[in-house]
$ cat query12.pdb   # PDB, C-alpha atoms
ATOM      1  CA  MET G  28     -28.386 -80.069 -28.700
ATOM      2  CA  GLU G  29     -31.137 -78.946 -26.306
ATOM      3  CA  ASN G  30     -28.960 -76.307 -24.611
ATOM      4  CA  GLN G  31     -26.749 -75.469 -27.591
ATOM      5  CA  LYS G  32     -27.168 -71.869 -28.703
ATOM      6  CA  VAL G  33     -27.153 -71.592 -32.486
ATOM      7  CA  LYS G  34     -27.135 -68.665 -34.881
ATOM      8  CA  LEU G  35     -29.934 -68.273 -37.417
ATOM      9  CA  PHE G  36     -29.323 -65.999 -40.392
ATOM     10  CA  SER G  37     -32.243 -65.358 -42.742
ATOM     11  CA  ASP G  38     -32.733 -63.172 -45.776
ATOM     12  CA  GLY G  39     -35.386 -62.513 -48.356
ATOM     13  CA  ALA G  40     -34.658 -61.454 -51.917
ATOM     14  CA  CYS G  41     -36.943 -59.817 -54.442
ATOM     15  CA  ARG G  42     -36.275 -58.994 -58.087
ATOM     16  CA  GLY G  43     -38.336 -55.839 -58.187
ATOM     17  CA  ASN G  44     -40.588 -54.705 -55.355
ATOM     18  CA  PRO G  45     -43.004 -56.329 -55.747
ATOM     19  CA  GLY G  46     -41.319 -58.952 -57.852
ATOM     20  CA  ILE G  47     -40.184 -62.555 -57.926
ATOM     21  CA  GLY G  48     -39.028 -63.508 -54.448
ATOM     22  CA  GLY G  49     -36.943 -66.078 -52.665
ATOM     23  CA  ALA G  50     -36.106 -66.916 -49.061
ATOM     24  CA  GLY G  51     -32.893 -68.260 -47.571
ATOM     25  CA  ALA G  52     -31.889 -69.290 -44.067
ATOM     26  CA  VAL G  53     -28.753 -70.734 -42.484
ATOM     27  CA  ILE G  54     -28.161 -72.122 -38.996
ATOM     28  CA  THR G  55     -24.583 -72.209 -37.706
ATOM     29  CA  ASP G  56     -22.822 -73.085 -34.479
ATOM     30  CA  ASP G  57     -20.505 -70.706 -32.593
ATOM     31  CA  SER G  58     -17.648 -71.655 -34.944
ATOM     32  CA  ASP G  59     -19.770 -70.658 -37.968
ATOM     33  CA  ARG G  60     -20.026 -74.288 -39.081
ATOM     34  CA  VAL G  61     -23.231 -74.731 -41.098
ATOM     35  CA  LEU G  62     -25.661 -77.027 -39.276
ATOM     36  CA  TRP G  63     -28.678 -76.513 -41.556
ATOM     37  CA  GLU G  64     -29.637 -74.422 -44.543
ATOM     38  CA  GLY G  65     -32.761 -73.971 -46.607
ATOM     39  CA  SER G  66     -34.133 -71.966 -49.482
ATOM     40  CA  GLN G  67     -37.595 -71.456 -50.916
ATOM     41  CA  TYR G  68     -39.003 -69.884 -54.069
ATOM     42  CA  LEU G  69     -41.792 -67.464 -53.135
ATOM     43  CA  GLY G  70     -43.217 -66.266 -56.456
ATOM     44  CA  GLN G  71     -44.594 -62.707 -56.635
ATOM     45  CA  CYS G  72     -44.189 -60.838 -53.355
ATOM     46  CA  THR G  73     -42.763 -57.697 -51.783
ATOM     47  CA  ASN G  74     -39.304 -57.508 -50.271
ATOM     48  CA  ASN G  75     -40.756 -57.271 -46.756
ATOM     49  CA  ILE G  76     -42.852 -60.408 -47.283
ATOM     50  CA  ALA G  77     -39.733 -62.198 -48.546
ATOM     51  CA  GLU G  78     -37.858 -61.168 -45.369
ATOM     52  CA  TYR G  79     -40.651 -62.518 -43.161
ATOM     53  CA  GLN G  80     -40.921 -65.763 -45.148
ATOM     54  CA  ALA G  81     -37.161 -66.289 -44.868
ATOM     55  CA  LEU G  82     -37.309 -65.942 -41.091
ATOM     56  CA  ILE G  83     -40.255 -68.348 -40.914
ATOM     57  CA  LEU G  84     -38.295 -70.838 -43.055
ATOM     58  CA  GLY G  85     -35.326 -70.599 -40.685
ATOM     59  CA  LEU G  86     -37.429 -70.888 -37.529
ATOM     60  CA  LYS G  87     -39.118 -74.011 -38.884
ATOM     61  CA  GLY G  88     -35.689 -75.423 -39.777
ATOM     62  CA  ALA G  89     -34.446 -74.796 -36.238
ATOM     63  CA  LEU G  90     -37.494 -76.540 -34.781
ATOM     64  CA  VAL G  91     -37.080 -79.587 -37.032
ATOM     65  CA  CYS G  92     -33.426 -79.829 -35.963
ATOM     66  CA  GLY G  93     -34.421 -79.582 -32.292
ATOM     67  CA  TYR G  94     -32.604 -76.350 -31.470
ATOM     68  CA  LYS G  95     -34.113 -74.440 -28.560
ATOM     69  CA  ASN G  96     -31.821 -71.421 -28.120
ATOM     70  CA  LEU G  97     -31.428 -69.016 -31.015
ATOM     71  CA  GLU G  98     -29.494 -65.903 -31.850
ATOM     72  CA  ILE G  99     -31.306 -64.527 -34.898
ATOM     73  CA  TYR G 100     -29.503 -62.225 -37.325
ATOM     74  CA  LEU G 101     -31.460 -60.215 -39.895
ATOM     75  CA  ASP G 102     -30.277 -57.588 -42.359
ATOM     76  CA  SER G 103     -33.803 -56.175 -42.514
ATOM     77  CA  GLU G 104     -33.835 -53.374 -39.976
ATOM     78  CA  LEU G 105     -37.617 -53.129 -40.359
ATOM     79  CA  LEU G 106     -38.189 -56.799 -39.487
ATOM     80  CA  ALA G 107     -35.723 -56.754 -36.577
ATOM     81  CA  ASN G 108     -37.371 -53.656 -35.109
ATOM     82  CA  GLN G 109     -40.881 -55.033 -35.629
ATOM     83  CA  ILE G 110     -40.027 -58.269 -33.822
ATOM     84  CA  ASN G 111     -38.308 -56.399 -31.000
ATOM     85  CA  GLY G 112     -41.334 -54.103 -30.650
ATOM     86  CA  SER G 113     -39.655 -50.796 -31.614
ATOM     87  CA  TYR G 114     -41.790 -50.521 -34.764
ATOM     88  CA  LYS G 115     -45.450 -51.372 -35.171
ATOM     89  CA  VAL G 116     -46.600 -53.737 -37.911
ATOM     90  CA  ARG G 117     -49.128 -51.745 -39.926
ATOM     91  CA  ASN G 118     -49.396 -53.744 -43.154
ATOM     92  CA  GLU G 119     -52.171 -56.361 -42.963
ATOM     93  CA  ASN G 120     -50.171 -59.003 -44.857
ATOM     94  CA  LEU G 121     -47.206 -58.510 -42.540
ATOM     95  CA  LYS G 122     -49.454 -58.713 -39.466
ATOM     96  CA  ILE G 123     -50.444 -62.247 -40.513
ATOM     97  CA  LEU G 124     -46.796 -63.207 -41.026
ATOM     98  CA  MET G 125     -45.847 -61.643 -37.676
ATOM     99  CA  GLN G 126     -48.429 -63.852 -35.955
ATOM    100  CA  GLU G 127     -46.682 -66.870 -37.473
ATOM    101  CA  VAL G 128     -43.250 -65.564 -36.416
ATOM    102  CA  ARG G 129     -44.477 -65.017 -32.841
ATOM    103  CA  ARG G 130     -46.084 -68.474 -32.746
ATOM    104  CA  LEU G 131     -42.822 -70.082 -33.881
ATOM    105  CA  LEU G 132     -40.678 -67.990 -31.517
ATOM    106  CA  SER G 133     -42.815 -69.149 -28.587
ATOM    107  CA  SER G 134     -41.569 -72.701 -29.253
ATOM    108  CA  PHE G 135     -37.997 -71.781 -28.310
ATOM    109  CA  ALA G 136     -36.513 -71.575 -24.820
ATOM    110  CA  SER G 137     -34.679 -68.395 -25.807
ATOM    111  CA  SER G 138     -34.311 -66.180 -28.835
ATOM    112  CA  GLU G 139     -32.576 -62.871 -29.451
ATOM    113  CA  VAL G 140     -33.078 -60.869 -32.640
ATOM    114  CA  ARG G 141     -30.305 -58.639 -33.924
ATOM    115  CA  HIS G 142     -29.932 -56.450 -36.971
ATOM    116  CA  VAL G 143     -26.719 -56.994 -38.955
ATOM    117  CA  LEU G 144     -25.297 -55.371 -42.045
ATOM    118  CA  ARG G 145     -25.990 -57.172 -45.312
ATOM    119  CA  CYS G 146     -22.313 -58.149 -45.632
ATOM    120  CA  HIS G 147     -22.696 -60.318 -42.501
ATOM    121  CA  ASN G 148     -25.646 -62.178 -44.025
ATOM    122  CA  ALA G 149     -24.088 -63.380 -47.291
ATOM    123  CA  ARG G 150     -24.927 -67.095 -46.952
ATOM    124  CA  ALA G 151     -28.644 -66.499 -46.434
ATOM    125  CA  ASP G 152     -28.692 -63.906 -49.217
ATOM    126  CA  ARG G 153     -27.030 -66.384 -51.599
ATOM    127  CA  LEU G 154     -29.656 -69.031 -50.777
ATOM    128  CA  ALA G 155     -32.537 -66.589 -51.303
ATOM    129  CA  ASN G 156     -31.214 -65.596 -54.720
ATOM    130  CA  LEU G 157     -30.450 -69.216 -55.597
ATOM    131  CA  ALA G 158     -34.108 -70.114 -54.946
ATOM    132  CA  ILE G 159     -35.137 -67.513 -57.537
ATOM    133  CA  ASP G 160     -32.468 -68.550 -60.056
ATOM    134  CA  GLU G 161     -33.213 -72.282 -59.737
ATOM    135  CA  HIS G 162     -36.916 -71.688 -60.328
ATOM    136  CA  ARG G 163     -36.241 -69.637 -63.472
ATOM    137  CA  LYS G 164     -34.161 -72.399 -65.143
TER     138      LYS G 164
END
$ encode --input "query12.pdb" --output "structure tokens"
Amino acid sequence: MENQKVKLFSDGACRGNPGIGGAGAVITDDSDRVLWEGSQYLGQCTNNIAEYQALILGLKGALVCGYKNLEIYLDSELLANQINGSYKVRNENLKILMQEVRRLLSSFASSEVRHVLRCHNARADRLANLAIDEHRK
């Protein structure tokens, strides 16, 4: 498990922006077998905050499972570019969340962040929306 490279997919969902938010994250192996998944209701937030919270949820899940090498897939181009340093984080709330992301990323031996189209992030999106739906029942 120490040297196994896993894929982390995360996605935030918001009903309105700002609106009621949820976070979802999925960790798979190279064969796309689900190794871990999580979801979290976020309450009122913006879509960007939901995206950050989803990544944080997934990073914490990877740490708990003991994974050290991550390929991270995000459908938020903004978040991917902010982590990779192409875009600056200007929003104060996002700066705080970015500090948490960076702190968590420093716990891994390796991590690569890639932007993917939404259609390649369906599992995480489903979990984020499920967190909202389950809370509203």
$ axis_aligned_box --input "query12.pdb" --around "stretch 143-153 of chain G" --padding-each-side "5 Å" --output "lines of an AutoDock Vina configuration file"
center_x = -25.5
center_y = -61.2
center_z = -45.3
size_x = 16.4
size_y = 21.7
size_z = 22.6
$ resolve_selection --input "query12.pdb" --expression "the PyMOL selection byres ((chain G and resi 157) around 9)" --output "ChimeraX atom specification"
/G:49-51,66-68,152-156,158-162
$ atom_distance --input "query12.pdb" --atom1 "atom CA of G:Ser113" --atom2 "atom CA of G:Val143"
16.1 Å
$ resolve_selection --input "query12.pdb" --expression "the PyMOL selection byres ((chain G and resi 128) around 9)" --output "ChimeraX atom specification"
/G:79,82-83,86,110,123-127,129-133
$ write_last_selection --input "query12.pdb" --atoms "C-alpha atoms" --output "compact mmCIF listing (two decimals), in the frame of the given file"
# COMPACT_ATOMS: atom_id res chain seq x y z
CA TYR G 79 -40.65 -62.52 -43.16
CA LEU G 82 -37.31 -65.94 -41.09
CA ILE G 83 -40.26 -68.35 -40.91
CA LEU G 86 -37.43 -70.89 -37.53
CA ILE G 110 -40.03 -58.27 -33.82
CA ILE G 123 -50.44 -62.25 -40.51
CA LEU G 124 -46.80 -63.21 -41.03
CA MET G 125 -45.85 -61.64 -37.68
CA GLN G 126 -48.43 -63.85 -35.96
CA GLU G 127 -46.68 -66.87 -37.47
CA ARG G 129 -44.48 -65.02 -32.84
CA ARG G 130 -46.08 -68.47 -32.75
CA LEU G 131 -42.82 -70.08 -33.88
CA LEU G 132 -40.68 -67.99 -31.52
CA SER G 133 -42.82 -69.15 -28.59
$ closest_residue --input "query12.pdb" --among "G:Asn44, G:Asn120, G:Asn108, G:Gln71" --to "G:Glu139" --atoms "all atoms listed in the file"
G:Asn108
$ residues_around --input "query12.pdb" --residues "stretch 33-41 of chain G" --least-positions-apart "3" --cutoff "9 Å" --atoms "all atoms listed in the file" --output "PDB file with C-alpha atoms, in the coordinates of the input"
ATOM      1  CA  ASN G  44     -40.588 -54.705 -55.355  1.00  0.00           C
ATOM      2  CA  PRO G  45     -43.004 -56.329 -55.747  1.00  0.00           C
ATOM      3  CA  GLY G  46     -41.319 -58.952 -57.852  1.00  0.00           C
ATOM      4  CA  ILE G  47     -40.184 -62.555 -57.926  1.00  0.00           C
ATOM      5  CA  GLY G  48     -39.028 -63.508 -54.448  1.00  0.00           C
ATOM      6  CA  GLY G  49     -36.943 -66.078 -52.665  1.00  0.00           C
ATOM      7  CA  ALA G  50     -36.106 -66.916 -49.061  1.00  0.00           C
ATOM      8  CA  GLY G  51     -32.893 -68.260 -47.571  1.00  0.00           C
ATOM      9  CA  ALA G  52     -31.889 -69.290 -44.067  1.00  0.00           C
ATOM     10  CA  VAL G  53     -28.753 -70.734 -42.484  1.00  0.00           C
ATOM     11  CA  ILE G  54     -28.161 -72.122 -38.996  1.00  0.00           C
ATOM     12  CA  THR G  55     -24.583 -72.209 -37.706  1.00  0.00           C
ATOM     13  CA  ASP G  56     -22.822 -73.085 -34.479  1.00  0.00           C
ATOM     14  CA  ASP G  57     -20.505 -70.706 -32.593  1.00  0.00           C
ATOM     15  CA  ASP G  59     -19.770 -70.658 -37.968  1.00  0.00           C
ATOM     16  CA  LEU G  62     -25.661 -77.027 -39.276  1.00  0.00           C
ATOM     17  CA  GLN G  71     -44.594 -62.707 -56.635  1.00  0.00           C
ATOM     18  CA  CYS G  72     -44.189 -60.838 -53.355  1.00  0.00           C
ATOM     19  CA  THR G  73     -42.763 -57.697 -51.783  1.00  0.00           C
ATOM     20  CA  ASN G  74     -39.304 -57.508 -50.271  1.00  0.00           C
ATOM     21  CA  ASN G  75     -40.756 -57.271 -46.756  1.00  0.00           C
ATOM     22  CA  ILE G  76     -42.852 -60.408 -47.283  1.00  0.00           C
ATOM     23  CA  ALA G  77     -39.733 -62.198 -48.546  1.00  0.00           C
ATOM     24  CA  GLU G  78     -37.858 -61.168 -45.369  1.00  0.00           C
ATOM     25  CA  TYR G  79     -40.651 -62.518 -43.161  1.00  0.00           C
ATOM     26  CA  GLN G  80     -40.921 -65.763 -45.148  1.00  0.00           C
ATOM     27  CA  ALA G  81     -37.161 -66.289 -44.868  1.00  0.00           C
ATOM     28  CA  LEU G  82     -37.309 -65.942 -41.091  1.00  0.00           C
ATOM     29  CA  ILE G  83     -40.255 -68.348 -40.914  1.00  0.00           C
ATOM     30  CA  LEU G  84     -38.295 -70.838 -43.055  1.00  0.00           C
ATOM     31  CA  GLY G  85     -35.326 -70.599 -40.685  1.00  0.00           C
ATOM     32  CA  LEU G  86     -37.429 -70.888 -37.529  1.00  0.00           C
ATOM     33  CA  ALA G  89     -34.446 -74.796 -36.238  1.00  0.00           C
ATOM     34  CA  TYR G  94     -32.604 -76.350 -31.470  1.00  0.00           C
ATOM     35  CA  LYS G  95     -34.113 -74.440 -28.560  1.00  0.00           C
ATOM     36  CA  ASN G  96     -31.821 -71.421 -28.120  1.00  0.00           C
ATOM     37  CA  LEU G  97     -31.428 -69.016 -31.015  1.00  0.00           C
ATOM     38  CA  GLU G  98     -29.494 -65.903 -31.850  1.00  0.00           C
ATOM     39  CA  ILE G  99     -31.306 -64.527 -34.898  1.00  0.00           C
ATOM     40  CA  TYR G 100     -29.503 -62.225 -37.325  1.00  0.00           C
ATOM     41  CA  LEU G 101     -31.460 -60.215 -39.895  1.00  0.00           C
ATOM     42  CA  ASP G 102     -30.277 -57.588 -42.359  1.00  0.00           C
ATOM     43  CA  SER G 103     -33.803 -56.175 -42.514  1.00  0.00           C
ATOM     44  CA  HIS G 147     -22.696 -60.318 -42.501  1.00  0.00           C
ATOM     45  CA  ASN G 148     -25.646 -62.178 -44.025  1.00  0.00           C
ATOM     46  CA  ALA G 149     -24.088 -63.380 -47.291  1.00  0.00           C
ATOM     47  CA  ARG G 150     -24.927 -67.095 -46.952  1.00  0.00           C
ATOM     48  CA  ALA G 151     -28.644 -66.499 -46.434  1.00  0.00           C
ATOM     49  CA  ASP G 152     -28.692 -63.906 -49.217  1.00  0.00           C
ATOM     50  CA  ARG G 153     -27.030 -66.384 -51.599  1.00  0.00           C
ATOM     51  CA  LEU G 154     -29.656 -69.031 -50.777  1.00  0.00           C
ATOM     52  CA  ALA G 155     -32.537 -66.589 -51.303  1.00  0.00           C
ATOM     53  CA  ASN G 156     -31.214 -65.596 -54.720  1.00  0.00           C
ATOM     54  CA  ILE G 159     -35.137 -67.513 -57.537  1.00  0.00           C
TER      55      ILE G 159
END
$ atom_distance --input "query12.pdb" --atom1 "atom CA of G:Leu144" --atom2 "atom CA of G:Gly43"
20.8 Å
$ closest_residue --input "query12.pdb" --among "G:Asn111, G:Val140, G:Phe135, G:Arg42" --to "G:Gly93" --atoms "all atoms listed in the file"
G:Phe135
$ atom_distance --input "query12.pdb" --atom1 "atom CA of G:Ser134" --atom2 "atom CA of G:Leu90"
7.9 Å
$ build_atoms --input "query12.pdb" --residues "stretch 127-154 of chain G" --atoms "N, CA and C atoms" --output "tab-separated table (two decimals), in the frame of the given file"
chain	number	residue	atom	x	y	z
G	127	GLU	N	-47.38	-65.61	-37.27
G	127	GLU	CA	-46.68	-66.87	-37.47
G	127	GLU	C	-45.28	-66.82	-36.85
G	128	VAL	N	-44.58	-65.72	-37.03
G	128	VAL	CA	-43.25	-65.56	-36.42
G	128	VAL	C	-43.36	-65.68	-34.90
G	129	ARG	N	-44.31	-64.98	-34.31
G	129	ARG	CA	-44.48	-65.02	-32.84
G	129	ARG	C	-44.84	-66.42	-32.36
G	130	ARG	N	-45.70	-67.10	-33.11
G	130	ARG	CA	-46.08	-68.47	-32.75
G	130	ARG	C	-44.85	-69.38	-32.75
G	131	LEU	N	-44.03	-69.26	-33.79
G	131	LEU	CA	-42.82	-70.08	-33.88
G	131	LEU	C	-41.82	-69.71	-32.79
G	132	LEU	N	-41.62	-68.42	-32.54
G	132	LEU	CA	-40.68	-67.99	-31.52
G	132	LEU	C	-41.07	-68.51	-30.13
G	133	SER	N	-42.36	-68.66	-29.89
G	133	SER	CA	-42.82	-69.15	-28.59
G	133	SER	C	-42.42	-70.60	-28.34
G	134	SER	N	-41.99	-71.31	-29.38
G	134	SER	CA	-41.57	-72.70	-29.25
G	134	SER	C	-40.13	-72.84	-28.76
G	135	PHE	N	-39.40	-71.73	-28.70
G	135	PHE	CA	-38.00	-71.78	-28.31
G	135	PHE	C	-37.83	-71.36	-26.85
G	136	ALA	N	-36.82	-71.94	-26.20
G	136	ALA	CA	-36.51	-71.58	-24.82
G	136	ALA	C	-35.99	-70.15	-24.76
G	137	SER	N	-35.18	-69.77	-25.75
G	137	SER	CA	-34.68	-68.40	-25.81
G	137	SER	C	-34.43	-68.00	-27.25
G	138	SER	N	-34.61	-66.72	-27.51
G	138	SER	CA	-34.31	-66.18	-28.84
G	138	SER	C	-34.00	-64.69	-28.69
G	139	GLU	N	-32.96	-64.28	-29.39
G	139	GLU	CA	-32.58	-62.87	-29.45
G	139	GLU	C	-32.52	-62.49	-30.92
G	140	VAL	N	-33.08	-61.34	-31.26
G	140	VAL	CA	-33.08	-60.87	-32.64
G	140	VAL	C	-32.16	-59.66	-32.75
G	141	ARG	N	-31.25	-59.73	-33.72
G	141	ARG	CA	-30.30	-58.64	-33.92
G	141	ARG	C	-30.27	-58.24	-35.38
G	142	HIS	N	-30.12	-56.95	-35.61
G	142	HIS	CA	-29.93	-56.45	-36.97
G	142	HIS	C	-28.44	-56.49	-37.29
G	143	VAL	N	-28.10	-56.99	-38.49
G	143	VAL	CA	-26.72	-56.99	-38.96
G	143	VAL	C	-26.65	-56.36	-40.34
G	144	LEU	N	-25.50	-55.90	-40.70
G	144	LEU	CA	-25.30	-55.37	-42.04
G	144	LEU	C	-25.40	-56.51	-43.05
G	145	ARG	N	-25.81	-56.18	-44.25
G	145	ARG	CA	-25.99	-57.17	-45.31
G	145	ARG	C	-24.74	-58.02	-45.53
G	146	CYS	N	-23.57	-57.41	-45.39
G	146	CYS	CA	-22.31	-58.15	-45.63
G	146	CYS	C	-22.11	-59.29	-44.64
G	147	HIS	N	-22.79	-59.24	-43.50
G	147	HIS	CA	-22.70	-60.32	-42.50
G	147	HIS	C	-23.79	-61.37	-42.69
G	148	ASN	N	-24.53	-61.27	-43.79
G	148	ASN	CA	-25.65	-62.18	-44.02
G	148	ASN	C	-25.54	-62.80	-45.43
G	149	ALA	N	-24.32	-62.97	-45.90
G	149	ALA	CA	-24.09	-63.38	-47.29
G	149	ALA	C	-24.61	-64.78	-47.60
G	150	ARG	N	-24.47	-65.72	-46.67
G	150	ARG	CA	-24.93	-67.10	-46.95
G	150	ARG	C	-26.43	-67.14	-47.17
G	151	ALA	N	-27.19	-66.50	-46.30
G	151	ALA	CA	-28.64	-66.50	-46.43
G	151	ALA	C	-29.07	-65.76	-47.70
G	152	ASP	N	-28.40	-64.66	-48.01
G	152	ASP	CA	-28.69	-63.91	-49.22
G	152	ASP	C	-28.45	-64.76	-50.46
G	153	ARG	N	-27.35	-65.51	-50.47
G	153	ARG	CA	-27.03	-66.38	-51.60
G	153	ARG	C	-28.13	-67.43	-51.79
G	154	LEU	N	-28.60	-68.02	-50.70
G	154	LEU	CA	-29.66	-69.03	-50.78
G	154	LEU	C	-30.97	-68.44	-51.28
